[in-house]
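Peer 1: I am sharing structure-v5.txt, which consists of compact mmCIF, C-alpha atoms:
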# COMPACT_ATOMS: atom_id res chain seq x y z
CA MET A 1 146.00 -69.42 131.20
CA ALA A 2 143.73 -66.42 131.16
CA GLU A 3 145.01 -65.51 127.69
CA GLU A 4 144.20 -69.01 126.43
CA THR A 5 140.67 -68.71 127.81
CA LEU A 6 140.27 -65.37 126.10
CA LYS A 7 141.64 -66.79 122.86
CA GLY A 8 139.24 -69.69 123.17
CA CYS A 9 136.36 -67.28 123.63
CA SER A 10 137.35 -65.21 120.59
CA ASP A 11 137.45 -68.43 118.53
CA CYS A 12 133.96 -69.25 119.84
CA ALA A 13 132.78 -65.82 118.74
CA LYS A 14 134.30 -66.32 115.29
CA LYS A 15 132.61 -69.70 115.02
CA LYS A 16 129.31 -68.19 116.07
CA ALA A 17 129.76 -65.38 113.54
CA ALA A 18 130.63 -67.92 110.86
CA ARG A 19 127.49 -69.92 111.65
CA TRP A 20 125.44 -66.74 111.53
CA ARG A 21 126.93 -65.88 108.15
CA GLU A 22 126.07 -69.34 106.87
CA ASP A 23 122.45 -68.84 107.94
CA PHE A 24 122.23 -65.37 106.43
CA PRO A 25 124.68 -65.23 103.54
CA ILE A 26 124.49 -61.50 102.86
CA ASP A 27 127.61 -59.75 101.68
CA TRP A 28 127.09 -56.39 103.40
CA GLU A 29 130.11 -54.74 101.84
CA ALA A 30 128.93 -55.62 98.35
CA ASP A 31 125.39 -54.68 99.30
CA ASN A 32 126.43 -51.19 100.47
CA TYR A 33 128.85 -50.60 97.61
CA ILE A 34 127.86 -47.68 95.40
CA THR A 35 129.47 -47.48 91.98
CA ARG A 36 130.44 -44.20 90.35
CA ARG A 37 127.69 -44.74 87.78
CA GLU A 38 125.09 -44.99 90.55
CA MET A 39 126.59 -41.94 92.26
CA VAL A 40 126.30 -39.92 89.05
CA LYS A 41 122.66 -41.01 88.71
CA TYR A 42 121.93 -40.00 92.31
CA LEU A 43 123.61 -36.62 91.77
CA ALA A 44 121.61 -36.00 88.57
CA LEU A 45 118.40 -36.89 90.43
CA GLY A 46 119.44 -34.59 93.28
CA SER A 47 120.13 -31.84 90.77
CA LEU A 48 116.64 -32.28 89.29
CA THR A 49 115.05 -32.22 92.74
CA ILE A 50 116.90 -29.07 93.79
CA ALA A 51 116.06 -27.31 90.50
CA GLY A 52 112.38 -28.22 91.03
CA ALA A 53 112.51 -26.91 94.59
CA ASN A 54 114.06 -23.68 93.33
CA PHE A 55 111.23 -23.19 90.81
CA LEU A 56 108.68 -23.88 93.57
CA LEU A 57 110.37 -21.27 95.75
CA ALA A 58 110.28 -18.78 92.86
CA GLY A 59 106.51 -19.33 92.62
CA VAL A 60 105.81 -18.96 96.35
CA PRO A 61 105.80 -15.11 96.46
CA HIS A 62 103.32 -15.03 93.55
CA LEU A 63 101.08 -17.59 95.27
CA LEU A 64 101.18 -15.70 98.57
CA ALA A 65 100.49 -12.30 97.02
CA SER A 66 96.83 -11.44 97.23
CA PRO A 67 95.40 -10.71 93.78
CA GLN A 68 93.64 -7.47 94.62
CA MET A 69 93.97 -5.09 97.52
CA PRO A 70 90.92 -3.10 98.59
CA ARG A 71 90.70 0.60 97.85
CA VAL A 72 90.04 2.35 101.15
CA LYS A 73 89.41 6.05 101.65
CA LEU A 74 91.64 7.42 104.40
CA GLY A 75 90.46 11.02 104.55
CA SER A 76 91.36 14.46 103.31
CA LEU A 77 94.93 15.55 102.83
CA SER A 78 94.10 18.99 104.23
CA ASP A 79 93.16 17.35 107.57
CA LEU A 80 96.76 16.29 108.06
CA ALA A 81 99.14 19.20 108.68
CA PRO A 82 102.73 18.95 107.39
CA GLY A 83 104.91 17.21 109.99
CA SER A 84 101.99 15.36 111.59
CA SER A 85 100.85 11.75 111.40
CA ALA A 86 97.65 9.70 111.55
CA LEU A 87 96.90 6.08 112.30
CA PHE A 88 94.68 3.88 110.17
CA ARG A 89 94.15 0.18 109.41
CA TYR A 90 94.80 -1.38 106.03
CA PRO A 91 94.08 -3.78 104.30
CA THR A 92 92.18 -5.45 107.17
CA PRO A 93 91.12 -4.09 110.58
CA ASP A 94 93.95 -6.18 112.07
CA ASP A 95 96.71 -4.35 110.15
CA PRO A 96 97.67 -1.09 111.87
CA CYS A 97 99.35 1.53 109.69
CA ILE A 98 100.71 5.01 110.03
CA ALA A 99 100.48 7.87 107.53
CA VAL A 100 102.95 10.71 107.87
CA ARG A 101 102.79 14.02 106.08
CA LYS A 102 106.34 15.14 105.58
CA PRO A 103 107.34 18.78 106.14
CA ASP A 104 107.50 19.25 102.34
CA GLY A 105 103.79 18.34 102.15
CA SER A 106 104.09 14.88 100.58
CA LEU A 107 102.37 11.93 102.23
CA VAL A 108 103.84 8.49 102.99
CA ALA A 109 102.27 5.51 104.76
CA TYR A 110 103.71 2.35 106.25
CA SER A 111 102.63 -0.58 108.33
CA SER A 112 103.12 0.47 111.93
CA VAL A 113 104.15 -3.04 113.00
CA CYS A 114 107.89 -3.06 113.71
CA THR A 115 109.71 -5.69 111.66
CA HIS A 116 111.79 -6.61 114.69
CA LEU A 117 109.30 -7.85 117.31
CA SER A 118 105.98 -6.38 116.11
CA CYS A 119 105.80 -3.40 118.49
CA ALA A 120 103.95 -0.29 117.33
CA VAL A 121 106.05 2.16 115.32
CA ILE A 122 105.43 5.84 116.00
CA HIS A 123 106.32 9.06 114.24
CA ASP A 124 109.14 10.99 115.86
CA ARG A 125 108.31 14.52 114.79
CA GLN A 126 111.52 16.09 116.16
CA GLN A 127 113.85 13.75 114.29
CA ASN A 128 111.41 13.39 111.38
CA THR A 129 111.69 9.62 111.43
CA LEU A 130 109.74 6.49 112.35
CA PHE A 131 110.66 5.12 115.74
CA CYS A 132 109.98 1.87 117.59
CA PRO A 133 110.18 2.63 121.32
CA CYS A 134 110.39 -1.03 122.41
CA HIS A 135 114.01 -1.56 121.34
CA ASN A 136 114.97 1.83 119.87
CA GLY A 137 114.56 0.88 116.24
CA TYR A 138 114.61 3.68 113.68
CA PHE A 139 113.21 3.66 110.12
CA THR A 140 113.68 6.30 107.44
CA LEU A 141 110.59 8.31 106.57
CA ASN A 142 111.27 8.29 102.83
CA GLU A 143 111.63 4.54 102.29
CA GLY A 144 110.80 2.86 105.60
CA ARG A 145 114.28 1.33 105.73
CA PRO A 146 115.80 0.51 109.14
CA TYR A 147 118.91 2.56 109.91
CA ALA A 148 119.41 2.11 113.65
CA GLY A 149 118.53 -0.43 116.30
CA PRO A 150 117.72 -4.12 115.97
CA PRO A 151 115.27 -4.17 112.99
CA ASN A 152 116.88 -5.24 109.72
CA ARG A 153 113.85 -5.42 107.38
CA PRO A 154 112.02 -2.40 105.99
CA LEU A 155 108.45 -1.55 106.94
CA PRO A 156 105.82 -2.62 104.37
CA ARG A 157 104.83 0.50 102.45
CA ILE A 158 101.17 1.37 101.85
CA ARG A 159 100.54 2.61 98.32
CA LEU A 160 98.46 5.77 98.32
CA GLU A 161 96.46 7.52 95.64
CA GLN A 162 95.23 11.06 95.70
CA GLN A 163 92.01 12.18 94.03
CA GLY A 164 91.51 15.85 94.56
CA ASP A 165 91.92 16.28 98.29
CA GLU A 166 90.94 12.71 99.12
CA ILE A 167 93.56 10.08 99.95
CA TYR A 168 93.01 6.38 99.25
CA ALA A 169 95.06 3.36 100.28
CA VAL A 170 95.31 1.03 97.29
CA GLY A 171 97.97 -1.58 98.04
CA VAL A 172 100.88 -2.82 100.10
CA GLU A 173 104.48 -3.02 98.90
CA VAL A 174 106.43 -5.53 100.93
CA MET B 175 142.65 -52.20 81.17
CA SER B 176 143.05 -50.50 77.82
CA ILE B 177 144.17 -46.88 77.42
CA ARG B 178 140.70 -45.99 76.27
CA GLN B 179 139.19 -47.52 79.43
CA LYS B 180 141.72 -45.63 81.60
CA GLN B 181 140.76 -42.42 79.83
CA GLY B 182 137.12 -43.27 80.43
CA THR B 183 137.74 -43.76 84.15
CA THR B 184 139.54 -40.42 84.43
CA LEU B 185 136.81 -38.68 82.47
CA PHE B 186 134.13 -40.32 84.58
CA THR B 187 135.78 -39.22 87.83
CA ALA B 188 136.28 -35.67 86.56
CA LEU B 189 132.65 -35.37 85.46
CA LEU B 190 131.48 -36.87 88.76
CA VAL B 191 133.36 -34.14 90.63
CA LEU B 192 132.02 -31.47 88.24
CA ILE B 193 128.43 -32.61 88.73
CA GLY B 194 128.98 -32.78 92.49
CA VAL B 195 130.22 -29.17 92.53
CA SER B 196 127.21 -28.11 90.42
CA VAL B 197 124.84 -29.74 92.91
CA VAL B 198 126.55 -27.88 95.76
CA VAL B 199 126.08 -24.62 93.82
CA GLN B 200 122.41 -25.52 93.33
CA LEU B 201 122.05 -26.11 97.07
CA TRP B 202 123.58 -22.68 97.68
CA LEU B 203 121.10 -21.15 95.21
CA MET B 204 118.25 -22.84 97.05
CA ALA B 205 119.44 -21.43 100.39
CA LEU B 206 119.62 -18.01 98.71
CA SER B 207 116.04 -18.43 97.41
CA VAL B 208 114.69 -19.39 100.84
CA ASP B 209 116.39 -16.34 102.32
CA ALA B 210 114.94 -14.08 99.59
CA VAL B 211 111.42 -15.54 99.98
CA LEU B 212 111.55 -14.88 103.72
CA ARG B 213 112.64 -11.31 102.94
CA HIS B 214 109.68 -10.99 100.53
CA GLN B 215 111.94 -10.36 97.54
CA THR B 216 110.31 -11.62 94.36
CA GLY B 217 113.13 -11.16 91.83
CA THR B 218 115.96 -13.12 93.44
CA PRO B 219 114.21 -16.54 93.69
CA LEU B 220 113.28 -16.33 90.00
CA TYR B 221 116.88 -15.69 88.89
CA ALA B 222 118.10 -18.41 91.27
CA ALA B 223 115.55 -20.86 89.82
CA ILE B 224 116.66 -20.05 86.27
CA ALA B 225 120.32 -20.52 87.23
CA SER B 226 119.47 -23.78 88.99
CA GLY B 227 117.56 -24.99 85.91
CA VAL B 228 120.54 -24.17 83.68
CA LEU B 229 122.85 -26.10 86.02
CA PHE B 230 120.47 -29.07 85.95
CA VAL B 231 120.46 -29.05 82.12
CA ILE B 232 124.28 -28.94 82.13
CA ASN B 233 124.37 -31.81 84.65
CA GLY B 234 121.89 -33.82 82.59
CA LEU B 235 123.92 -33.33 79.41
CA LEU B 236 127.13 -34.34 81.23
CA VAL B 237 125.44 -37.50 82.56
CA LEU B 238 124.13 -38.38 79.12
CA TYR B 239 127.60 -37.81 77.65
CA VAL B 240 129.18 -40.00 80.33
CA PHE B 241 126.80 -42.89 79.71
CA HIS B 242 127.17 -42.51 75.94
CA PHE B 243 130.97 -42.65 76.36
CA ASP B 244 130.59 -45.61 78.72
CA ARG B 245 128.56 -47.57 76.17
CA LYS B 246 131.07 -46.71 73.45
CA ILE B 247 134.12 -48.05 75.31
CA LYS B 248 132.28 -51.20 76.41
CA ARG B 249 131.42 -52.00 72.79
CA PRO B 250 133.67 -54.81 71.51
Kindly present the structure from the file in structure tokens form.

Peer 2:
Amino acid sequence: MAEETLKGCSDCAKKKAARWREDFPIDWEADNYITRREMVKYLALGSLTIAGANFLLAGVPHLLASPQMPRVKLGSLSDLAPGSSALFRYPTPDDPCIAVRKPDGSLVAYSSVCTHLSCAVIHDRQQNTLFCPCHNGYFTLNEGRPYAGPPNRPLPRIRLEQQGDEIYAVGVEV
Amino acid sequence: MSIRQKQGTTLFTALLVLIGVSVVVQLWLMALSVDAVLRHQTGTPLYAAIASGVLFVINGLLVLYVFHFDRKIKRP
């Protein structure tokens, strides 16, 4: 008895569905069907879009790069003894940097903002390296590359020029 | 269905798969470019864009060939 009632109800539902289909005669399956030709067209369009996006991405670094960096006098080389370091700001007053005179007398400069979580990087004179005390990150003095701790990107290098005894900051190499 | 039409269907399916694989490779190149841009590397996105452009040209030529072939077999 209960089964008959259920069967009756399912018939009612079918009838209702049939009436609904009569009112709105849309063949959904045919409507959603995508042929291979359409698929190929979509893929070719997708390919064009992705290639365009790739070219845009290739242009982004050139758009972001500032055209000219200021030339800022940092001081005299003789003021910085071999093995010591000095802090300065370049290219803007909001960009802290560190210049280190290596024991061999050559001078290197990097941004002193750690590439991990932006703590201040300091010069570790004993180990002759750049050190971030927040999370024990270490960077090489020659290239600014991380070699220990959590940082995995190198420090931006400040390009320096020497004129006589005077040292100038002329650019940033990211 | 004639033999020529069967050949056309097989060819169409094969080229569809080939173009699909190329698009996946392009997507991978785009992911690579985004990664390189975030790492401030200027060279890699350029090479990836050139490779992506070459893949698009190949895809375009394949699509044109497919539709040319399609028109040819439909001709009475």

Peer 1: Counting all atoms listed in the file, which residues from chain B have an atom at most 9 Å from any atom of chain A, and could you show them as an mmCIF file with C-alpha atoms, in the frame of the given file?

Peer 2:
data_model
loop_
_atom_site.group_PDB
_atom_site.id
_atom_site.type_symbol
_atom_site.label_atom_id
_atom_site.label_comp_id
_atom_site.auth_asym_id
_atom_site.auth_seq_id
_atom_site.Cartn_x
_atom_site.Cartn_y
_atom_site.Cartn_z
ATOM 1 C CA PHE B 186 134.130 -40.320 84.580
ATOM 2 C CA THR B 187 135.780 -39.220 87.830
ATOM 3 C CA LEU B 189 132.650 -35.370 85.460
ATOM 4 C CA LEU B 190 131.480 -36.870 88.760
ATOM 5 C CA ILE B 193 128.430 -32.610 88.730
ATOM 6 C CA GLY B 194 128.980 -32.780 92.490
ATOM 7 C CA SER B 196 127.210 -28.110 90.420
ATOM 8 C CA VAL B 197 124.840 -29.740 92.910
ATOM 9 C CA GLN B 200 122.410 -25.520 93.330
ATOM 10 C CA LEU B 201 122.050 -26.110 97.070
ATOM 11 C CA LEU B 203 121.100 -21.150 95.210
ATOM 12 C CA MET B 204 118.250 -22.840 97.050
ATOM 13 C CA SER B 207 116.040 -18.430 97.410
ATOM 14 C CA VAL B 208 114.690 -19.390 100.840
ATOM 15 C CA VAL B 211 111.420 -15.540 99.980
ATOM 16 C CA ARG B 213 112.640 -11.310 102.940
ATOM 17 C CA HIS B 214 109.680 -10.990 100.530
ATOM 18 C CA GLN B 215 111.940 -10.360 97.540
ATOM 19 C CA THR B 216 110.310 -11.620 94.360
ATOM 20 C CA GLY B 217 113.130 -11.160 91.830
ATOM 21 C CA THR B 218 115.960 -13.120 93.440
ATOM 22 C CA PRO B 219 114.210 -16.540 93.690
ATOM 23 C CA LEU B 220 113.280 -16.330 90.000
ATOM 24 C CA TYR B 221 116.880 -15.690 88.890
ATOM 25 C CA ALA B 222 118.100 -18.410 91.270
ATOM 26 C CA ALA B 223 115.550 -20.860 89.820
ATOM 27 C CA ILE B 224 116.660 -20.050 86.270
ATOM 28 C CA ALA B 225 120.320 -20.520 87.230
ATOM 29 C CA SER B 226 119.470 -23.780 88.990
ATOM 30 C CA GLY B 227 117.560 -24.990 85.910
ATOM 31 C CA VAL B 228 120.540 -24.170 83.680
ATOM 32 C CA LEU B 229 122.850 -26.100 86.020
ATOM 33 C CA PHE B 230 120.470 -29.070 85.950
ATOM 34 C CA VAL B 231 120.460 -29.050 82.120
ATOM 35 C CA ASN B 233 124.370 -31.810 84.650
ATOM 36 C CA GLY B 234 121.890 -33.820 82.590
ATOM 37 C CA VAL B 237 125.440 -37.500 82.560
ATOM 38 C CA VAL B 240 129.180 -40.000 80.330
ATOM 39 C CA PHE B 241 126.800 -42.890 79.710
#

Peer 1: Quick one: everything within 7 Å of range 105-110 of chain A, counting only C-alpha atoms, minus sequence neighbours fewer than 5 positions away in the same chain. Send it as a list in words.

Peer 2: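 Residues meeting the cut-off are Pro82, Cys97, Ile98, Ala99, Val100, Leu155, Pro156, Arg157 and Ile158 of chain A.
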
Peer 1: Which of these residues is nearest to Leu130 in chain A, using all atoms listed in the file: A:Thr92, A:Ser85, A:Gln163, A:Gln68?

Peer 2: A:Ser85
